[in-house]
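Source file: final-v4.cif; contents: mmCIF, C-alpha atoms.
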data_final
#
loop_
_atom_site.group_PDB
_atom_site.id
_atom_site.type_symbol
_atom_site.label_atom_id
_atom_site.label_comp_id
_atom_site.auth_asym_id
_atom_site.auth_seq_id
_atom_site.Cartn_x
_atom_site.Cartn_y
_atom_site.Cartn_z
ATOM 1 C CA MET R 1 -5.660 2.530 -3.961
ATOM 2 C CA GLN R 2 -3.786 -0.470 -2.576
ATOM 3 C CA GLU R 3 -6.993 -2.462 -2.309
ATOM 4 C CA ALA R 4 -7.701 -1.768 -5.989
ATOM 5 C CA PHE R 5 -4.148 -2.729 -6.972
ATOM 6 C CA TYR R 6 -4.206 -6.136 -5.276
ATOM 7 C CA THR R 7 -7.781 -6.867 -6.362
ATOM 8 C CA GLU R 8 -6.920 -6.129 -9.987
ATOM 9 C CA ALA R 9 -3.765 -8.247 -9.790
ATOM 10 C CA VAL R 10 -5.734 -11.231 -8.477
ATOM 11 C CA GLU R 11 -8.557 -10.779 -10.982
ATOM 12 C CA ARG R 12 -6.211 -10.606 -13.970
ATOM 13 C CA GLY R 13 -4.714 -13.951 -12.953
ATOM 14 C CA GLY R 14 -1.157 -13.298 -14.139
ATOM 15 C CA LEU R 15 0.445 -14.060 -10.782
ATOM 16 C CA LYS R 16 1.509 -17.542 -9.792
ATOM 17 C CA GLY R 17 2.644 -19.320 -6.650
ATOM 18 C CA GLU R 18 3.806 -17.204 -3.734
ATOM 19 C CA LEU R 19 3.042 -13.918 -5.508
ATOM 20 C CA ALA R 20 -0.557 -14.982 -6.089
ATOM 21 C CA ARG R 21 -0.831 -15.967 -2.423
ATOM 22 C CA LEU R 22 0.675 -12.644 -1.370
ATOM 23 C CA ALA R 23 -1.737 -10.675 -3.577
ATOM 24 C CA ARG R 24 -4.750 -12.518 -2.146
ATOM 25 C CA THR R 25 -3.529 -12.146 1.443
ATOM 26 C CA VAL R 26 -2.489 -8.516 1.202
ATOM 27 C CA GLY R 27 -5.606 -7.659 -0.793
ATOM 28 C CA GLY R 28 -7.735 -8.992 2.058
ATOM 29 C CA GLN R 29 -5.728 -6.992 4.568
ATOM 30 C CA GLU R 30 -6.132 -3.853 2.466
ATOM 31 C CA ARG R 31 -9.913 -4.372 2.367
ATOM 32 C CA GLU R 32 -9.830 -4.517 6.171
ATOM 33 C CA HIS R 33 -7.718 -1.343 6.260
ATOM 34 C CA VAL R 34 -10.244 0.474 4.059
ATOM 35 C CA ALA R 35 -13.095 -0.602 6.352
ATOM 36 C CA PHE R 36 -11.124 0.424 9.450
ATOM 37 C CA LEU R 37 -10.194 3.844 8.070
ATOM 38 C CA SER R 38 -13.685 4.465 6.676
ATOM 39 C CA HIS R 39 -15.162 3.676 10.088
ATOM 40 C CA HIS R 40 -12.711 5.925 11.956
ATOM 41 C CA LEU R 41 -12.892 8.804 9.482
ATOM 42 C CA GLY R 42 -16.649 8.678 9.041
ATOM 43 C CA LYS R 43 -17.868 11.502 6.795
ATOM 44 C CA ARG R 44 -14.291 12.781 6.434
ATOM 45 C CA ALA R 45 -13.330 9.659 4.458
ATOM 46 C CA ALA R 46 -12.615 10.345 0.809
ATOM 47 C CA GLY R 47 -14.281 8.280 -1.886
ATOM 48 C CA ARG R 48 -12.443 5.520 -3.694
ATOM 49 C CA PRO R 49 -9.859 6.891 -6.089
ATOM 50 C CA ARG R 50 -9.959 6.165 -9.809
ATOM 51 C CA THR R 51 -6.972 3.960 -10.537
ATOM 52 C CA ASP R 52 -5.179 2.684 -13.610
ATOM 53 C CA PHE R 53 -2.399 0.183 -13.035
ATOM 54 C CA GLY R 54 -2.037 -0.858 -16.671
ATOM 55 C CA GLY R 55 0.630 -3.521 -17.120
ATOM 56 C CA ALA R 56 1.801 -3.227 -13.516
ATOM 57 C CA VAL R 57 -0.470 -6.102 -12.486
ATOM 58 C CA THR R 58 -0.025 -8.439 -15.436
ATOM 59 C CA ASP R 59 3.195 -10.271 -14.600
ATOM 60 C CA GLY R 60 5.204 -11.128 -11.517
ATOM 61 C CA LYS R 61 8.125 -8.803 -12.130
ATOM 62 C CA SER R 62 5.999 -5.705 -12.827
ATOM 63 C CA PHE R 63 3.638 -6.546 -9.990
ATOM 64 C CA THR R 64 6.449 -6.967 -7.459
ATOM 65 C CA LYS R 65 8.234 -3.755 -8.462
ATOM 66 C CA THR R 66 5.016 -1.735 -8.340
ATOM 67 C CA ALA R 67 3.769 -3.323 -5.126
ATOM 68 C CA ILE R 68 7.044 -2.475 -3.371
ATOM 69 C CA GLU R 69 6.822 1.122 -4.603
ATOM 70 C CA LEU R 70 3.201 1.433 -3.448
ATOM 71 C CA GLU R 71 3.818 -0.118 -0.046
ATOM 72 C CA GLU R 72 6.915 2.033 0.544
ATOM 73 C CA ALA R 73 4.933 5.151 -0.450
ATOM 74 C CA VAL R 74 2.113 4.309 1.960
ATOM 75 C CA VAL R 75 4.522 3.661 4.829
ATOM 76 C CA ALA R 76 6.272 6.992 4.157
ATOM 77 C CA ALA R 77 2.947 8.862 3.973
ATOM 78 C CA MET R 78 1.685 7.283 7.194
ATOM 79 C CA ILE R 79 4.905 8.219 8.974
ATOM 80 C CA GLY R 80 4.621 11.717 7.535
ATOM 81 C CA GLN R 81 1.109 12.105 8.927
ATOM 82 C CA GLY R 82 2.092 10.951 12.423
ATOM 83 C CA GLY R 83 2.556 14.499 13.691
ATOM 84 C CA ASN R 84 -0.938 15.452 12.560
ATOM 85 C CA LEU R 85 -2.675 12.746 14.580
ATOM 86 C CA THR R 86 -4.108 12.857 18.063
ATOM 87 C CA ALA R 87 -2.770 10.413 20.627
ATOM 88 C CA GLY R 88 -5.790 8.208 19.964
ATOM 89 C CA GLY R 89 -5.248 8.477 16.231
ATOM 90 C CA VAL R 90 -1.627 7.407 16.557
ATOM 91 C CA GLY R 91 -2.722 4.369 18.549
ATOM 92 C CA ALA R 92 -5.325 3.442 15.956
ATOM 93 C CA VAL R 93 -3.013 3.850 12.953
ATOM 94 C CA THR R 94 0.029 2.162 14.462
ATOM 95 C CA GLY R 95 -1.505 -1.262 13.937
ATOM 96 C CA LEU R 96 -2.037 -0.518 10.251
ATOM 97 C CA LEU R 97 1.474 0.833 9.837
ATOM 98 C CA SER R 98 3.048 -2.304 11.293
ATOM 99 C CA VAL R 99 1.109 -4.458 8.809
ATOM 100 C CA GLU R 100 2.089 -2.212 5.885
ATOM 101 C CA ALA R 101 5.734 -2.617 6.926
ATOM 102 C CA ARG R 102 5.362 -6.411 7.045
ATOM 103 C CA GLN R 103 3.712 -6.418 3.639
ATOM 104 C CA VAL R 104 6.586 -4.561 2.007
ATOM 105 C CA ALA R 105 9.111 -6.756 3.839
ATOM 106 C CA TRP R 106 7.376 -9.849 2.401
ATOM 107 C CA LEU R 107 7.457 -8.338 -1.093
ATOM 108 C CA ARG R 108 11.086 -7.273 -0.795
ATOM 109 C CA ASN R 109 12.043 -10.750 0.418
ATOM 110 C CA LEU R 110 10.329 -12.358 -2.595
ATOM 111 C CA ALA R 111 12.174 -9.895 -4.845
ATOM 112 C CA GLY R 112 15.479 -11.020 -3.336
ATOM 113 C CA VAL R 113 16.310 -7.664 -1.765
ATOM 114 C CA SER R 114 16.710 -6.732 1.880
ATOM 115 C CA PRO R 115 13.347 -6.732 3.650
ATOM 116 C CA ALA R 116 14.601 -3.946 5.944
ATOM 117 C CA PRO R 117 17.035 -1.817 3.924
ATOM 118 C CA ARG R 118 17.097 1.096 6.399
ATOM 119 C CA ALA R 119 17.272 1.584 10.145
ATOM 120 C CA ALA R 120 14.349 4.031 9.871
ATOM 121 C CA ASP R 121 11.905 4.774 7.085
ATOM 122 C CA PRO R 122 11.681 8.343 5.791
ATOM 123 C CA ALA R 123 8.528 10.401 6.153
ATOM 124 C CA ARG R 124 6.810 11.979 3.154
ATOM 125 C CA LYS R 125 3.989 14.474 2.936
ATOM 126 C CA ALA R 126 0.743 12.876 1.799
ATOM 127 C CA GLU R 127 0.430 15.419 -1.005
ATOM 128 C CA GLU R 128 3.854 14.393 -2.356
ATOM 129 C CA VAL R 129 2.914 10.720 -2.336
ATOM 130 C CA ILE R 130 -0.394 11.392 -4.068
ATOM 131 C CA GLN R 131 1.276 13.551 -6.714
ATOM 132 C CA ASP R 132 3.928 10.876 -7.284
ATOM 133 C CA LEU R 133 1.187 8.269 -7.798
ATOM 134 C CA ARG R 134 -0.589 10.590 -10.234
ATOM 135 C CA ASP R 135 2.664 11.196 -12.102
ATOM 136 C CA ARG R 136 3.070 7.431 -12.475
ATOM 137 C CA GLY R 137 -0.435 7.197 -13.917
ATOM 138 C CA PHE R 138 -1.840 5.070 -11.077
ATOM 139 C CA LEU R 139 -4.274 7.733 -9.833
ATOM 140 C CA ALA R 140 -6.516 9.909 -11.968
#

Will you turn the file into structure tokens for me?
Amino acid sequence: MQEAFYTEAVERGGLKGELARLARTVGGQEREHVAFLSHHLGKRAAGRPRTDFGGAVTDGKSFTKTAIELEEAVVAAMIGQGGNLTAGGVGAVTGLLSVEARQVAWLRNLAGVSPAPRAADPARKAEEVIQDLRDRGFLA
């Protein structure tokens, strides 16, 4: 979903300057994350979700707000899944989680808000995150 979000934002061309650079950079990282997870999950990997970001990718303010929400949701879901992973799985995913945290810190900094607003991020169940994204209309 994140890969689709950043790709659409870049393709629509409404972002300028540092936000455009962020979208290109983070989009590339998200493509690498998809490849990494697809490789590690193998046949268990789900197909690409159908997404609809509407106006969330058309201007800097909407893009930034939505990107922060998406990144925060992914971090919370990854933390929430930590207990379900094997020791090897935790090691593999930790590298992705650290990048997701840096991505949201970059976004929050550009938005003029604290890049690290909490001492620890809350965990969320994956199902809750997915339902929240559906409720927002981002996932079909």

Subject >> Which of R:Val99, R:Leu15, R:Leu85, R:Ala35 sits closest to Asp59 in chain R [using all atoms listed in the file] >> reply: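 Ranking R:Val99, R:Leu15, R:Leu85, R:Ala35 by distance to Asp59 in chain R, first place goes to R:Leu15.
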
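Shortest atom-to-atom contact with Phe138 in chain R among R:Asn109, R:Ser98, R:Thr66, R:Gln81: R:Thr66, counting only C-alpha atoms.
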
Subject >> Result set, the PyMOL selection byres ((chain R and resi 129) around 12) on current file, as a list of chain:residue names >> reply: R:Met1, R:Glu69, R:Leu70, R:Glu71, R:Glu72, R:Ala73, R:Val74, R:Val75, R:Ala76, R:Ala77, R:Met78, R:Ile79, R:Gly80, R:Gln81, R:Ala123, R:Arg124, R:Lys125, R:Ala126, R:Glu127, R:Glu128, R:Ile130, R:Gln131, R:Asp132, R:Leu133, R:Arg134, R:Asp135, R:Arg136, R:Phe138, R:Leu139

Now that the selection is made, can you save its residues with C-alpha atoms as a compact mmCIF listing (two decimals), in the coordinates of the input?
# COMPACT_ATOMS: atom_id res chain seq x y z
CA MET R 1 -5.66 2.53 -3.96
CA GLU R 69 6.82 1.12 -4.60
CA LEU R 70 3.20 1.43 -3.45
CA GLU R 71 3.82 -0.12 -0.05
CA GLU R 72 6.92 2.03 0.54
CA ALA R 73 4.93 5.15 -0.45
CA VAL R 74 2.11 4.31 1.96
CA VAL R 75 4.52 3.66 4.83
CA ALA R 76 6.27 6.99 4.16
CA ALA R 77 2.95 8.86 3.97
CA MET R 78 1.68 7.28 7.19
CA ILE R 79 4.90 8.22 8.97
CA GLY R 80 4.62 11.72 7.54
CA GLN R 81 1.11 12.10 8.93
CA ALA R 123 8.53 10.40 6.15
CA ARG R 124 6.81 11.98 3.15
CA LYS R 125 3.99 14.47 2.94
CA ALA R 126 0.74 12.88 1.80
CA GLU R 127 0.43 15.42 -1.00
CA GLU R 128 3.85 14.39 -2.36
CA ILE R 130 -0.39 11.39 -4.07
CA GLN R 131 1.28 13.55 -6.71
CA ASP R 132 3.93 10.88 -7.28
CA LEU R 133 1.19 8.27 -7.80
CA ARG R 134 -0.59 10.59 -10.23
CA ASP R 135 2.66 11.20 -12.10
CA ARG R 136 3.07 7.43 -12.48
CA PHE R 138 -1.84 5.07 -11.08
CA LEU R 139 -4.27 7.73 -9.83

**OP:** On this file, the PyMOL selection byres ((chain R and resi 31) around 12) gives some set of residues; write that set as number ranges by chain.
**Re:** R: 1-7, 23-30, 32-38, 48, 96

**OP:** Mind giving me the straight-line distance from CA of Thr51 in chain R to CA of Gly91 in chain R in Å, one decimal?
**Re:**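 CA of Thr51 in chain R sits 29.4 Å away from CA of Gly91 in chain R.
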
**OP:** Work out how far CA of Thr58 in chain R is from CA of Arg12 in chain R, in Å to one decimal.
**Re:**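 CA of Arg12 in chain R sits 6.7 Å away from CA of Thr58 in chain R.
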
Original post:
Just so the selection is clear, what residues does the PyMOL selection byres ((chain R and resi 16) around 12) cover here, as a list in words?
Top reply: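 Those residues are Ala9, Val10, Arg12, Gly13, Gly14, Leu15, Gly17, Glu18, Leu19, Ala20, Arg21, Leu22, Ala23, Arg24, Val57, Thr58, Asp59, Gly60, Lys61, Phe63 and Thr64 of chain R.
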
Original post:
Between CA of Arg50 in chain R and CA of Ala140 in chain R, what is the spacing in Å?
Top reply: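 Distance reported for this atom pair: 5.5 Å.
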
Original post:
Which one is closest to Ala67 in chain R: R:Ala120, R:Gly55, R:Gly112, R:Val104? Count all atoms listed in the file.
Top reply: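 Ranking R:Ala120, R:Gly55, R:Gly112, R:Val104 by distance to Ala67 in chain R, first place goes to R:Val104.
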
Subject >> Given only C-alpha atoms as the counted atoms, nearest of R:Ala101, R:Ala87, R:Ala56, R:Ala92 to Glu8 in chain R >> reply: R:Ala56

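Nearest-residue note for Gly137 in chain R: choosing from R:Gly54, R:Gly83, R:Gly47, R:Pro117, the minimum distance belongs to R:Gly54, counting only C-alpha atoms.
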
Just add N, CA and C atoms to range 36-52 of chain R and send it as a PDB file, keeping the file's coordinate frame.
ATOM      1  N   PHE R  36     -11.581  -0.176   8.195  1.00  0.00           N
ATOM      2  CA  PHE R  36     -11.124   0.424   9.450  1.00  0.00           C
ATOM      3  C   PHE R  36     -11.046   1.947   9.309  1.00  0.00           C
ATOM      4  N   LEU R  37     -10.364   2.407   8.257  1.00  0.00           N
ATOM      5  CA  LEU R  37     -10.194   3.844   8.070  1.00  0.00           C
ATOM      6  C   LEU R  37     -11.528   4.525   7.777  1.00  0.00           C
ATOM      7  N   SER R  38     -12.365   3.901   6.970  1.00  0.00           N
ATOM      8  CA  SER R  38     -13.685   4.465   6.676  1.00  0.00           C
ATOM      9  C   SER R  38     -14.498   4.625   7.952  1.00  0.00           C
ATOM     10  N   HIS R  39     -14.441   3.622   8.815  1.00  0.00           N
ATOM     11  CA  HIS R  39     -15.162   3.676  10.088  1.00  0.00           C
ATOM     12  C   HIS R  39     -14.630   4.815  10.960  1.00  0.00           C
ATOM     13  N   HIS R  40     -13.308   4.911  11.086  1.00  0.00           N
ATOM     14  CA  HIS R  40     -12.711   5.925  11.956  1.00  0.00           C
ATOM     15  C   HIS R  40     -12.812   7.340  11.386  1.00  0.00           C
ATOM     16  N   LEU R  41     -12.806   7.476  10.084  1.00  0.00           N
ATOM     17  CA  LEU R  41     -12.892   8.804   9.482  1.00  0.00           C
ATOM     18  C   LEU R  41     -14.334   9.269   9.306  1.00  0.00           C
ATOM     19  N   GLY R  42     -15.247   8.318   9.206  1.00  0.00           N
ATOM     20  CA  GLY R  42     -16.649   8.678   9.041  1.00  0.00           C
ATOM     21  C   GLY R  42     -16.864   9.507   7.786  1.00  0.00           C
ATOM     22  N   LYS R  43     -17.551  10.644   7.938  1.00  0.00           N
ATOM     23  CA  LYS R  43     -17.868  11.502   6.795  1.00  0.00           C
ATOM     24  C   LYS R  43     -16.627  12.174   6.210  1.00  0.00           C
ATOM     25  N   ARG R  44     -15.529  12.177   6.948  1.00  0.00           N
ATOM     26  CA  ARG R  44     -14.291  12.781   6.434  1.00  0.00           C
ATOM     27  C   ARG R  44     -13.569  11.870   5.449  1.00  0.00           C
ATOM     28  N   ALA R  45     -13.992  10.612   5.363  1.00  0.00           N
ATOM     29  CA  ALA R  45     -13.330   9.659   4.458  1.00  0.00           C
ATOM     30  C   ALA R  45     -13.568  10.061   3.004  1.00  0.00           C
ATOM     31  N   ALA R  46     -12.512  10.048   2.239  1.00  0.00           N
ATOM     32  CA  ALA R  46     -12.615  10.345   0.809  1.00  0.00           C
ATOM     33  C   ALA R  46     -13.202   9.134   0.086  1.00  0.00           C
ATOM     34  N   GLY R  47     -13.770   9.381  -1.067  1.00  0.00           N
ATOM     35  CA  GLY R  47     -14.281   8.280  -1.886  1.00  0.00           C
ATOM     36  C   GLY R  47     -13.137   7.474  -2.478  1.00  0.00           C
ATOM     37  N   ARG R  48     -13.469   6.364  -3.063  1.00  0.00           N
ATOM     38  CA  ARG R  48     -12.443   5.520  -3.694  1.00  0.00           C
ATOM     39  C   ARG R  48     -11.819   6.252  -4.872  1.00  0.00           C
ATOM     40  N   PRO R  49     -10.505   6.204  -4.967  1.00  0.00           N
ATOM     41  CA  PRO R  49      -9.859   6.891  -6.089  1.00  0.00           C
ATOM     42  C   PRO R  49     -10.037   6.114  -7.385  1.00  0.00           C
ATOM     43  N   ARG R  50      -9.986   6.825  -8.498  1.00  0.00           N
ATOM     44  CA  ARG R  50      -9.959   6.165  -9.809  1.00  0.00           C
ATOM     45  C   ARG R  50      -8.520   5.750 -10.053  1.00  0.00           C
ATOM     46  N   THR R  51      -8.327   4.492 -10.359  1.00  0.00           N
ATOM     47  CA  THR R  51      -6.972   3.960 -10.537  1.00  0.00           C
ATOM     48  C   THR R  51      -6.788   3.381 -11.928  1.00  0.00           C
ATOM     49  N   ASP R  52      -5.533   3.310 -12.341  1.00  0.00           N
ATOM     50  CA  ASP R  52      -5.179   2.684 -13.610  1.00  0.00           C
ATOM     51  C   ASP R  52      -3.771   2.120 -13.455  1.00  0.00           C
TER      52      ASP R  52
END
